[in-house]
$ cat upload33.cif   # mmCIF, C-alpha atoms
data_run
#
loop_
_atom_site.label_atom_id
_atom_site.label_comp_id
_atom_site.auth_asym_id
_atom_site.auth_seq_id
_atom_site.Cartn_x
_atom_site.Cartn_y
_atom_site.Cartn_z
CA MET E 1 99.86 12.34 -102.29
CA ASP E 2 99.32 10.14 -99.26
CA GLY E 3 96.23 7.97 -99.73
CA ARG E 4 95.41 8.17 -96.05
CA TRP E 5 94.01 11.70 -96.32
CA PRO E 6 90.56 12.75 -97.57
CA GLU E 7 90.64 13.90 -101.20
CA ALA E 8 89.63 17.48 -100.31
CA LEU E 9 92.71 17.80 -98.11
CA THR E 10 95.17 16.29 -100.57
CA SER E 11 93.91 18.71 -103.21
CA ILE E 12 94.62 21.67 -100.93
CA GLU E 13 98.04 20.25 -100.05
CA ALA E 14 98.94 19.99 -103.73
CA GLU E 15 98.09 23.67 -104.16
CA ILE E 16 100.17 24.57 -101.09
CA ARG E 17 103.16 22.70 -102.48
CA ARG E 18 103.01 24.74 -105.66
CA GLY E 19 103.27 27.97 -103.65
CA ALA E 20 105.70 26.55 -101.04
CA ARG E 21 103.78 28.04 -98.08
CA ILE E 22 100.37 28.00 -96.40
CA SER E 23 98.57 31.26 -97.19
CA ALA E 24 95.58 32.79 -95.41
CA ASP E 25 93.40 31.58 -98.29
CA HIS E 26 94.71 28.03 -97.85
CA VAL E 27 93.84 28.24 -94.16
CA LEU E 28 90.28 29.20 -95.02
CA GLN E 29 90.02 26.25 -97.44
CA LEU E 30 91.47 23.89 -94.83
CA ARG E 31 89.06 25.11 -92.17
CA ARG E 32 86.08 24.43 -94.43
CA ALA E 33 87.38 20.97 -95.36
CA ILE E 34 88.27 19.93 -91.82
CA TYR E 35 85.02 21.08 -90.25
CA ARG E 36 82.79 20.04 -93.13
CA ASN E 37 80.94 17.60 -90.84
CA GLY E 38 80.92 19.95 -87.86
CA SER E 39 83.84 18.34 -86.01
CA ILE E 40 87.38 17.22 -86.76
CA GLY E 41 88.05 13.50 -87.24
CA ARG E 42 91.22 11.48 -86.74
CA ASP E 43 92.23 11.56 -90.42
CA GLU E 44 91.94 15.33 -90.50
CA ALA E 45 93.87 15.69 -87.23
CA GLU E 46 96.72 13.49 -88.44
CA PHE E 47 96.78 15.43 -91.71
CA LEU E 48 97.33 18.68 -89.79
CA PHE E 49 100.40 17.20 -88.07
CA HIS E 50 101.67 15.96 -91.43
CA LEU E 51 101.12 19.30 -93.15
CA ASN E 52 102.75 21.33 -90.37
CA ARG E 53 105.92 19.27 -90.54
CA GLN E 54 106.14 19.81 -94.29
CA SER E 55 105.64 23.58 -94.16
CA GLN E 56 107.53 26.72 -93.18
CA ASP E 57 107.17 30.51 -93.39
CA ASP E 58 103.38 30.16 -93.24
CA ASP E 59 100.73 32.79 -92.68
CA PRO E 60 100.05 33.33 -88.93
CA ALA E 61 96.48 32.13 -89.52
CA TRP E 62 97.88 28.61 -90.00
CA ALA E 63 99.06 28.35 -86.40
CA GLU E 64 95.68 29.60 -85.21
CA LEU E 65 93.84 26.88 -87.13
CA TYR E 66 96.33 24.19 -86.17
CA VAL E 67 96.03 24.88 -82.45
CA GLU E 68 92.27 25.40 -82.48
CA ALA E 69 91.43 22.31 -84.53
CA LEU E 70 93.77 19.93 -82.73
CA THR E 71 92.69 21.19 -79.32
CA ASP E 72 89.12 20.44 -80.38
CA PHE E 73 90.17 17.00 -81.53
CA PHE E 74 92.11 15.95 -78.42
CA PHE E 75 89.49 17.20 -75.98
CA TRP E 76 86.15 16.67 -77.68
CA ARG E 77 86.89 13.74 -80.01
CA GLU E 78 89.53 11.80 -78.02
CA GLY E 79 89.08 13.12 -74.49
CA THR E 80 86.59 15.22 -72.56
CA ASP E 81 85.93 18.95 -72.44
CA SER E 82 88.47 19.42 -69.61
CA ALA E 83 90.84 16.44 -69.46
CA LEU E 84 93.24 14.54 -71.68
CA THR E 85 92.44 10.85 -71.42
CA GLU E 86 95.13 8.16 -71.50
CA ASP E 87 94.14 7.29 -75.06
CA ALA E 88 94.33 10.95 -76.13
CA GLU E 89 97.78 11.34 -74.58
CA ARG E 90 98.96 8.11 -76.17
CA LEU E 91 97.85 9.29 -79.59
CA LEU E 92 99.41 12.71 -79.05
CA PHE E 93 102.75 11.17 -78.12
CA SER E 94 102.63 8.93 -81.18
CA TRP E 95 102.38 12.04 -83.36
CA VAL E 96 104.29 14.77 -81.49
CA GLY E 97 106.64 12.74 -79.32
CA GLN E 98 108.20 10.53 -81.95
CA ARG E 99 111.39 12.58 -82.03
CA GLY E 100 111.69 12.82 -78.24
CA SER E 101 111.60 16.63 -78.26
CA VAL E 102 109.64 19.52 -79.73
CA ASP E 103 111.51 22.05 -81.86
CA ASP E 104 108.59 23.45 -83.83
CA PRO E 105 106.95 26.57 -82.34
CA THR E 106 103.51 25.68 -83.71
CA GLU E 107 103.60 22.24 -82.08
CA LEU E 108 104.79 23.78 -78.82
CA ARG E 109 101.92 26.24 -78.95
CA LEU E 110 99.50 23.33 -79.30
CA LEU E 111 101.02 21.50 -76.32
CA LEU E 112 100.80 24.65 -74.20
CA ASN E 113 97.18 25.21 -75.19
CA LEU E 114 96.32 21.63 -74.25
CA MET E 115 98.05 22.05 -70.90
CA PHE E 116 96.41 25.40 -70.15
CA ARG E 117 92.99 23.94 -70.79
CA SER E 118 93.43 20.59 -69.07
CA LYS E 119 92.28 19.94 -65.54
CA ALA E 120 93.92 16.52 -65.56
CA ALA E 121 97.12 15.63 -67.40
CA SER E 122 99.62 12.89 -66.60
CA GLU E 123 103.00 13.68 -65.06
CA ARG E 124 104.60 12.22 -68.19
CA PHE E 125 102.81 14.74 -70.39
CA ARG E 126 103.53 17.62 -68.01
CA ALA E 127 107.24 16.72 -67.93
CA PHE E 128 107.33 16.51 -71.74
CA VAL E 129 105.78 19.98 -72.09
CA LEU E 130 108.04 21.50 -69.44
CA ALA E 131 111.12 20.08 -71.20
CA ALA E 132 109.89 21.55 -74.49
CA VAL E 133 109.41 24.96 -72.86
CA GLU E 134 112.90 24.86 -71.34
CA ARG E 135 114.46 24.02 -74.69
CA SER E 136 112.50 26.76 -76.42
CA VAL E 137 113.50 29.42 -73.88
CA LEU E 138 117.16 28.51 -74.25
CA ASP E 139 117.36 27.96 -78.01
CA SER E 140 114.44 29.50 -79.89
CA ASP E 141 113.86 33.03 -81.19
CA HIS E 142 110.10 32.35 -81.39
CA ALA E 143 107.73 33.33 -78.59
CA LEU E 144 106.51 30.43 -76.46
CA PHE E 145 102.95 31.39 -77.27
CA GLY E 146 101.97 33.76 -80.06
CA HIS E 147 103.91 35.26 -82.94
CA ALA E 148 106.40 37.69 -81.38
CA ASP E 149 110.17 37.32 -81.50
CA ARG E 150 112.27 36.71 -78.40
CA ARG E 151 115.91 36.44 -77.29
CA PRO E 152 117.17 32.86 -76.92
CA GLY E 153 118.82 32.16 -73.59
CA ALA E 154 116.97 34.81 -71.57
CA ILE E 155 113.53 34.81 -69.95
CA ASP E 156 111.38 37.73 -71.09
CA ARG E 157 108.08 39.01 -69.73
CA ALA E 158 105.97 36.89 -72.10
CA ASP E 159 107.96 33.79 -71.10
CA VAL E 160 107.26 34.50 -67.43
CA GLU E 161 103.53 34.65 -68.03
CA VAL E 162 103.51 31.35 -69.94
CA ILE E 163 105.61 29.66 -67.25
CA ARG E 164 103.36 31.10 -64.54
CA ARG E 165 100.28 29.61 -66.22
CA LEU E 166 102.04 26.25 -66.49
CA VAL E 167 103.18 25.89 -62.90
CA TYR E 168 100.11 27.44 -61.31
CA GLY E 169 97.67 25.79 -63.71
CA THR E 170 95.16 23.07 -62.94
CA GLY E 171 96.73 20.24 -64.95
CA GLY E 172 98.70 18.81 -62.04
CA GLN E 173 98.10 18.23 -58.33
CA SER E 174 94.61 19.69 -58.73
CA GLY E 175 96.15 23.16 -58.96
CA LEU E 176 96.76 23.21 -55.20
CA ALA E 177 100.56 23.23 -55.13
CA ILE E 178 103.72 23.21 -57.20
CA SER E 179 104.87 19.66 -57.95
CA CYS E 180 108.46 18.41 -57.67
CA THR E 181 108.58 18.14 -61.47
CA GLU E 182 107.60 21.80 -61.79
CA ALA E 183 109.98 22.94 -59.04
CA GLU E 184 112.93 21.16 -60.67
CA PHE E 185 111.93 22.66 -64.03
CA LEU E 186 112.09 26.14 -62.48
CA PHE E 187 115.51 25.44 -60.99
CA ALA E 188 116.79 24.07 -64.30
CA LEU E 189 115.65 27.22 -66.12
CA ASN E 190 117.12 29.42 -63.41
CA ARG E 191 120.51 27.72 -63.63
CA ALA E 192 120.55 27.81 -67.42
CA THR E 193 119.76 31.54 -67.55
CA ALA E 194 121.84 32.67 -64.55
CA GLY E 195 123.51 35.95 -65.44
CA ALA E 196 121.26 36.52 -68.46
CA ASP E 197 119.19 39.68 -68.88
CA ASN E 198 116.02 38.08 -67.54
CA HIS E 199 112.87 40.12 -66.91
CA PRO E 200 112.58 41.08 -63.20
CA ALA E 201 109.27 39.19 -63.00
CA TRP E 202 111.20 35.94 -63.40
CA ARG E 203 112.83 36.29 -59.97
CA GLU E 204 109.49 36.88 -58.27
CA LEU E 205 107.92 33.86 -59.98
CA PHE E 206 110.91 31.64 -59.19
CA VAL E 207 111.08 32.66 -55.53
CA LYS E 208 107.36 32.38 -54.78
CA ALA E 209 106.77 29.16 -56.72
CA ILE E 210 109.68 27.34 -55.06
CA THR E 211 108.55 28.63 -51.68
CA MET E 212 105.06 27.29 -52.37
CA TYR E 213 106.52 23.91 -53.26
CA LEU E 214 108.60 23.74 -50.07
CA LEU E 215 105.96 25.03 -47.67
CA PHE E 216 102.78 23.57 -49.15
CA GLY E 217 103.77 20.67 -51.40
CA GLY E 218 105.28 18.25 -48.90
CA ALA E 219 104.67 16.54 -45.59
CA SER E 220 105.62 19.51 -43.40
CA PRO E 221 103.27 22.45 -44.08
CA ASP E 222 104.76 25.88 -43.35
CA ALA E 223 108.18 24.37 -42.54
CA VAL E 224 111.21 23.12 -44.45
CA ASP E 225 112.04 19.63 -43.16
CA GLU E 226 115.28 17.67 -43.54
CA GLN E 227 114.29 16.01 -46.81
CA GLU E 228 113.27 19.33 -48.35
CA ALA E 229 116.44 21.00 -47.07
CA THR E 230 118.57 18.31 -48.70
CA TRP E 231 116.65 18.71 -51.96
CA LEU E 232 117.06 22.49 -51.90
CA ALA E 233 120.80 22.33 -51.23
CA GLY E 234 121.17 19.88 -54.11
CA GLN E 235 119.26 22.15 -56.49
CA ILE E 236 121.37 25.20 -55.64
CA GLY E 237 124.65 23.29 -55.77
CA GLY E 238 128.10 24.46 -54.79
CA ASP E 239 129.34 26.34 -57.85
CA ALA E 240 130.46 29.95 -57.74
CA GLY E 241 128.03 31.21 -60.37
CA ASP E 242 125.35 33.88 -60.19
CA HIS E 243 123.09 32.96 -57.24
CA ALA E 244 121.12 36.20 -56.92
CA ASN E 245 117.77 34.48 -57.39
CA GLU E 246 118.69 31.72 -54.94
CA ARG E 247 119.67 34.32 -52.34
CA ALA E 248 116.32 36.01 -52.85
CA LEU E 249 114.64 32.62 -52.38
CA LEU E 250 116.51 31.89 -49.15
CA THR E 251 115.68 35.36 -47.81
CA TYR E 252 111.98 34.91 -48.62
CA LEU E 253 111.94 31.42 -47.08
CA LYS E 254 113.38 32.79 -43.85
CA GLN E 255 110.53 35.29 -43.73
CA GLU E 256 107.71 32.91 -44.65
CA ALA E 257 108.60 29.55 -43.07
CA ALA E 258 107.57 28.71 -39.54
CA SER E 259 110.85 26.80 -39.23
CA LEU E 260 113.86 25.85 -41.35
CA HIS E 261 115.76 22.61 -40.79
CA PRO E 262 119.30 23.11 -39.42
CA ALA E 263 120.64 21.28 -42.49
CA LEU E 264 120.10 24.54 -44.38
CA GLU E 265 122.51 26.53 -42.17
CA PRO E 266 125.62 25.78 -44.28
CA LEU E 267 123.77 26.86 -47.42
CA TYR E 268 122.66 30.13 -45.84
CA ALA E 269 126.21 30.74 -44.65
CA ARG E 270 127.77 29.95 -48.03
CA LEU E 271 125.46 32.32 -49.88
CA GLY E 272 125.72 35.02 -47.24
CA VAL E 273 122.03 35.18 -46.38
#
$ encode --input "upload33.cif" --output "C-alpha cells"
Amino acid sequence: MDGRWPEALTSIEAEIRRGARISADHVLQLRRAIYRNGSIGRDEAEFLFHLNRQSQDDDPAWAELYVEALTDFFFWREGTDSALTEDAERLLFSWVGQRGSVDDPTELRLLLNLMFRSKAASERFRAFVLAAVERSVLDSDHALFGHADRRPGAIDRADVEVIRRLVYGTGGQSGLAISCTEAEFLFALNRATAGADNHPAWRELFVKAITMYLLFGGASPDAVDEQEATWLAGQIGGDAGDHANERALLTYLKQEAASLHPALEPLYARLGV
C-alpha cells in the first residue's frame, strides 16, 4: 500500500481490495477514520481521490461520503465557508484536473457541489465544471447529480435543474447575470442536443438565460447592441438544422428588448421570426 496514507486508511483499502468494491460497512469505517480528529486533513482528502479512482460498482453511500468529506476539506480546511480560494482551486485541479476532463460521475458530483455552495469561484474553475457537465449530458448514462440513470445525448428534467442552479448560482458575477462563459455553454449544449427528445423545461431555461445575458450582462441594458447581435448570429450559425429553440429565443427577445440592433434583421428573416 502507498506509504503516504495513514495506517487506518490503508488497512480499510486492503479490505476493500479483497471484496473488489466499497460496501456500506466500508463507508462507515472510512467515515470514522477520516473524521477521527473532527475534521478531514490533506492526507485523508488525497486518499479519497485515490480510492475513488481505484473503485467501481460501489455502494451509493460511498459517493455521499466522498462529496461530503471533500466539500468540507476544500471549504473549511483549504478555503472559507463560502468561497474556494486560489490555493484550494489549485489543489483541486492538481487532483481532479490532471486528465483535462472529468469522466467519473462521483468526481463530477463533487465539482457540482463545490460550485453550488461557492459564492466566489474563478472563471477557470467555472469553465472546467461547465465543460464536464456538457460532456456528461452528451455521453454519460449517470445522472449529473444523484444516483438515477439518464439518456446520453438528451437533456432531461433533472439535467435542467442542475444546469439552472449552475448558471443562476452565485459562483460567478455575484449571481447578478449570466456570464459569456455560461451563455456559450448553453448554446453549445443546445446545438449538441438539437433534435433530441429534450425535456420542455430546457427550452424555457435556454431562452430566458440567454435573454438575461443579452439584456442584463453587457453594456446596453434592456437592448441588444451591435456587438451582442454579432455574437448572437455567430452562436446560431447558418446551418439548416433544428433551430426551434433559437426561434423561441428570437421571439422572446423581440418581446422583452427595448430595442434590437438592425444587424439582427437578416437572422430574424432567415429563421422566419
$ resolve_selection --input "upload33.cif" --expression "the PyMOL selection byres ((chain E and resi 180) around 12)" --output "PyMOL selection string"
chain E and resi 123+126-127+167+172-173+177-179+181-187+209-214+216-218+228+231-232+235
$ write_last_selection --input "upload33.cif" --atoms "C-alpha atoms" --output "CSV table (one decimal), in the frame of the given file"
chain,number,residue,atom,x,y,z
E,123,GLU,CA,103.0,13.7,-65.1
E,126,ARG,CA,103.5,17.6,-68.0
E,127,ALA,CA,107.2,16.7,-67.9
E,167,VAL,CA,103.2,25.9,-62.9
E,172,GLY,CA,98.7,18.8,-62.0
E,173,GLN,CA,98.1,18.2,-58.3
E,177,ALA,CA,100.6,23.2,-55.1
E,178,ILE,CA,103.7,23.2,-57.2
E,179,SER,CA,104.9,19.7,-58.0
E,181,THR,CA,108.6,18.1,-61.5
E,182,GLU,CA,107.6,21.8,-61.8
E,183,ALA,CA,110.0,22.9,-59.0
E,184,GLU,CA,112.9,21.2,-60.7
E,185,PHE,CA,111.9,22.7,-64.0
E,186,LEU,CA,112.1,26.1,-62.5
E,187,PHE,CA,115.5,25.4,-61.0
E,209,ALA,CA,106.8,29.2,-56.7
E,210,ILE,CA,109.7,27.3,-55.1
E,211,THR,CA,108.6,28.6,-51.7
E,212,MET,CA,105.1,27.3,-52.4
E,213,TYR,CA,106.5,23.9,-53.3
E,214,LEU,CA,108.6,23.7,-50.1
E,216,PHE,CA,102.8,23.6,-49.2
E,217,GLY,CA,103.8,20.7,-51.4
E,218,GLY,CA,105.3,18.2,-48.9
E,228,GLU,CA,113.3,19.3,-48.4
E,231,TRP,CA,116.6,18.7,-52.0
E,232,LEU,CA,117.1,22.5,-51.9
E,235,GLN,CA,119.3,22.2,-56.5
$ resolve_selection --input "upload33.cif" --expression "the PyMOL selection byres ((chain E and resi 201) around 12)" --output "JSON, numbers by chain"
{"E": [155, 156, 157, 158, 159, 160, 161, 162, 163, 164, 197, 198, 199, 200, 202, 203, 204, 205, 206, 207, 208, 245]}
$ resolve_selection --input "upload33.cif" --expression "the PyMOL selection byres ((chain E and resi 10-23) around 9)" --output "PDB file with C-alpha atoms, in the coordinates of the input"
ATOM      1  CA  MET E   1      99.860  12.340-102.290  1.00  0.00           C
ATOM      2  CA  ASP E   2      99.320  10.140 -99.260  1.00  0.00           C
ATOM      3  CA  GLY E   3      96.230   7.970 -99.730  1.00  0.00           C
ATOM      4  CA  TRP E   5      94.010  11.700 -96.320  1.00  0.00           C
ATOM      5  CA  PRO E   6      90.560  12.750 -97.570  1.00  0.00           C
ATOM      6  CA  GLU E   7      90.640  13.900-101.200  1.00  0.00           C
ATOM      7  CA  ALA E   8      89.630  17.480-100.310  1.00  0.00           C
ATOM      8  CA  LEU E   9      92.710  17.800 -98.110  1.00  0.00           C
ATOM      9  CA  ALA E  24      95.580  32.790 -95.410  1.00  0.00           C
ATOM     10  CA  ASP E  25      93.400  31.580 -98.290  1.00  0.00           C
ATOM     11  CA  HIS E  26      94.710  28.030 -97.850  1.00  0.00           C
ATOM     12  CA  VAL E  27      93.840  28.240 -94.160  1.00  0.00           C
ATOM     13  CA  LEU E  28      90.280  29.200 -95.020  1.00  0.00           C
ATOM     14  CA  GLN E  29      90.020  26.250 -97.440  1.00  0.00           C
ATOM     15  CA  LEU E  30      91.470  23.890 -94.830  1.00  0.00           C
ATOM     16  CA  LEU E  51     101.120  19.300 -93.150  1.00  0.00           C
ATOM     17  CA  SER E  55     105.640  23.580 -94.160  1.00  0.00           C
ATOM     18  CA  GLN E  56     107.530  26.720 -93.180  1.00  0.00           C
ATOM     19  CA  ASP E  57     107.170  30.510 -93.390  1.00  0.00           C
ATOM     20  CA  ASP E  58     103.380  30.160 -93.240  1.00  0.00           C
ATOM     21  CA  ASP E  59     100.730  32.790 -92.680  1.00  0.00           C
ATOM     22  CA  PRO E  60     100.050  33.330 -88.930  1.00  0.00           C
ATOM     23  CA  ALA E  61      96.480  32.130 -89.520  1.00  0.00           C
ATOM     24  CA  TRP E  62      97.880  28.610 -90.000  1.00  0.00           C
TER      25      TRP E  62
END
$ closest_residue --input "upload33.cif" --among "E:Leu271, E:Ala229, E:Glu256, E:Leu130" --to "Ala244 of chain E" --atoms "all atoms listed in the file"
E:Leu271
$ atom_distance --input "upload33.cif" --atom1 "atom CA of Gly169 of chain E" --atom2 "atom CA of Gly41 of chain E"
28.2 Å
$ residues_around --input "upload33.cif" --residues "Ala192 of chain E" --least-positions-apart "6" --cutoff "9 Å" --atoms "all atoms listed in the file" --output "PyMOL selection string"
chain E and resi 138+153-154
$ closest_residue --input "upload33.cif" --among "E:Gln54, E:Leu215, E:Asp141, E:Asp43" --to "Gln255 of chain E" --atoms "all atoms listed in the file"
E:Leu215
$ closest_residue --input "upload33.cif" --among "E:Leu65, E:Leu144, E:Ala196, E:Met115" --to "Leu166 of chain E" --atoms "only C-alpha atoms"
E:Met115
$ residues_near_point --input "upload33.cif" --point "(114.6, 38.1, -81.0)" --cutoff "10 Å" --atoms "all atoms listed in the file" --output "list in words"
Ser140, Asp141, His142, Ala143, Ala148, Asp149, Arg150, Arg151 and Pro152 of chain E
$ atom_distance --input "upload33.cif" --atom1 "atom CA of Lys254 of chain E" --atom2 "atom CA of Gly272 of chain E"
13.0 Å
$ atom_distance --input "upload33.cif" --atom1 "atom CA of Ala132 of chain E" --atom2 "atom CA of Leu114 of chain E"
13.6 Å
$ residues_around --input "upload33.cif" --residues "segment 72-77 of chain E" --least-positions-apart "6" --cutoff "10 Å" --atoms "only C-alpha atoms" --output "PyMOL selection string"
chain E and resi 39-42+44-45+66+83-85+87-89+91-92+114+117-118
$ write_last_selection --input "upload33.cif" --atoms "C-alpha atoms" --output "short mmCIF file (atom, residue, chain, number, x, y, z; two decimals), in the frame of the given file"
data_model
loop_
_atom_site.label_atom_id
_atom_site.label_comp_id
_atom_site.auth_asym_id
_atom_site.auth_seq_id
_atom_site.Cartn_x
_atom_site.Cartn_y
_atom_site.Cartn_z
CA SER E 39 83.84 18.34 -86.01
CA ILE E 40 87.38 17.22 -86.76
CA GLY E 41 88.05 13.50 -87.24
CA ARG E 42 91.22 11.48 -86.74
CA GLU E 44 91.94 15.33 -90.50
CA ALA E 45 93.87 15.69 -87.23
CA TYR E 66 96.33 24.19 -86.17
CA ALA E 83 90.84 16.44 -69.46
CA LEU E 84 93.24 14.54 -71.68
CA THR E 85 92.44 10.85 -71.42
CA ASP E 87 94.14 7.29 -75.06
CA ALA E 88 94.33 10.95 -76.13
CA GLU E 89 97.78 11.34 -74.58
CA LEU E 91 97.85 9.29 -79.59
CA LEU E 92 99.41 12.71 -79.05
CA LEU E 114 96.32 21.63 -74.25
CA ARG E 117 92.99 23.94 -70.79
CA SER E 118 93.43 20.59 -69.07
#
$ decode --input "upload33.cif" --residues "segment 55-129 of chain E" --atoms "C-alpha atoms" --output "mmCIF file, in the first residue's frame"
data_model
loop_
_atom_site.group_PDB
_atom_site.id
_atom_site.type_symbol
_atom_site.label_atom_id
_atom_site.label_comp_id
_atom_site.auth_asym_id
_atom_site.auth_seq_id
_atom_site.Cartn_x
_atom_site.Cartn_y
_atom_site.Cartn_z
ATOM 1 C CA SER E 55 -13.022 1.612 -7.340
ATOM 2 C CA GLN E 56 -16.203 0.830 -9.258
ATOM 3 C CA ASP E 57 -19.698 -0.537 -8.630
ATOM 4 C CA ASP E 58 -19.625 0.880 -5.103
ATOM 5 C CA ASP E 59 -22.432 1.297 -2.598
ATOM 6 C CA PRO E 60 -24.253 4.651 -3.073
ATOM 7 C CA ALA E 61 -23.118 5.635 0.429
ATOM 8 C CA TRP E 62 -19.572 5.980 -0.957
ATOM 9 C CA ALA E 63 -20.495 8.908 -3.203
ATOM 10 C CA GLU E 64 -22.259 10.578 -0.286
ATOM 11 C CA LEU E 65 -19.153 10.361 1.898
ATOM 12 C CA TYR E 66 -16.815 11.366 -0.919
ATOM 13 C CA VAL E 67 -18.753 14.529 -1.735
ATOM 14 C CA GLU E 68 -19.434 15.476 1.874
ATOM 15 C CA ALA E 69 -15.878 14.969 3.132
ATOM 16 C CA LEU E 70 -14.132 16.666 0.210
ATOM 17 C CA THR E 71 -16.543 19.591 0.260
ATOM 18 C CA ASP E 72 -15.671 20.009 3.940
ATOM 19 C CA PHE E 73 -11.986 19.840 3.092
ATOM 20 C CA PHE E 74 -11.961 22.358 0.241
ATOM 21 C CA PHE E 75 -14.109 24.902 2.049
ATOM 22 C CA TRP E 76 -13.205 24.605 5.715
ATOM 23 C CA ARG E 77 -9.623 23.311 5.559
ATOM 24 C CA GLU E 78 -8.345 24.922 2.331
ATOM 25 C CA GLY E 79 -10.813 27.749 1.740
ATOM 26 C CA THR E 80 -13.576 29.507 3.638
ATOM 27 C CA ASP E 81 -17.152 28.552 4.439
ATOM 28 C CA SER E 82 -18.420 30.122 1.190
ATOM 29 C CA ALA E 83 -15.549 30.538 -1.284
ATOM 30 C CA LEU E 84 -12.880 28.479 -2.988
ATOM 31 C CA THR E 85 -9.545 30.213 -2.520
ATOM 32 C CA GLU E 86 -6.854 30.234 -5.210
ATOM 33 C CA ASP E 87 -4.876 27.672 -3.217
ATOM 34 C CA ALA E 88 -7.932 25.418 -2.858
ATOM 35 C CA GLU E 89 -8.643 25.592 -6.589
ATOM 36 C CA ARG E 90 -5.003 24.926 -7.413
ATOM 37 C CA LEU E 91 -5.007 21.821 -5.235
ATOM 38 C CA LEU E 92 -8.317 20.653 -6.684
ATOM 39 C CA PHE E 93 -7.006 20.981 -10.236
ATOM 40 C CA SER E 94 -3.869 19.067 -9.307
ATOM 41 C CA TRP E 95 -6.055 16.142 -8.227
ATOM 42 C CA VAL E 96 -9.151 16.285 -10.460
ATOM 43 C CA GLY E 97 -7.865 18.178 -13.470
ATOM 44 C CA GLN E 98 -4.807 16.111 -14.275
ATOM 45 C CA ARG E 99 -6.532 14.364 -17.165
ATOM 46 C CA GLY E 100 -8.036 17.554 -18.599
ATOM 47 C CA SER E 101 -11.606 16.269 -18.286
ATOM 48 C CA VAL E 102 -13.922 14.585 -15.804
ATOM 49 C CA ASP E 103 -15.464 11.252 -16.781
ATOM 50 C CA ASP E 104 -16.263 9.927 -13.321
ATOM 51 C CA PRO E 105 -19.796 10.690 -12.044
ATOM 52 C CA THR E 106 -18.672 10.829 -8.408
ATOM 53 C CA GLU E 107 -15.992 13.428 -9.192
ATOM 54 C CA LEU E 108 -18.492 15.425 -11.231
ATOM 55 C CA ARG E 109 -20.909 15.356 -8.327
ATOM 56 C CA LEU E 110 -18.186 16.788 -6.088
ATOM 57 C CA LEU E 111 -17.412 19.587 -8.554
ATOM 58 C CA LEU E 112 -21.098 20.467 -8.814
ATOM 59 C CA ASN E 113 -21.479 20.511 -5.042
ATOM 60 C CA LEU E 114 -18.493 22.831 -4.714
ATOM 61 C CA MET E 115 -19.932 25.133 -7.365
ATOM 62 C CA PHE E 116 -23.420 25.157 -5.848
ATOM 63 C CA ARG E 117 -22.020 26.145 -2.480
ATOM 64 C CA SER E 118 -19.435 28.673 -3.621
ATOM 65 C CA LYS E 119 -20.099 32.387 -3.648
ATOM 66 C CA ALA E 120 -16.797 33.033 -5.398
ATOM 67 C CA ALA E 121 -15.159 30.712 -7.928
ATOM 68 C CA SER E 122 -12.726 31.589 -10.698
ATOM 69 C CA GLU E 123 -13.809 31.647 -14.343
ATOM 70 C CA ARG E 124 -11.286 28.870 -14.986
ATOM 71 C CA PHE E 125 -12.994 26.614 -12.461
ATOM 72 C CA ARG E 126 -16.468 27.517 -13.715
ATOM 73 C CA ALA E 127 -15.450 26.756 -17.309
ATOM 74 C CA PHE E 128 -13.954 23.415 -16.236
ATOM 75 C CA VAL E 129 -17.173 22.398 -14.457
#
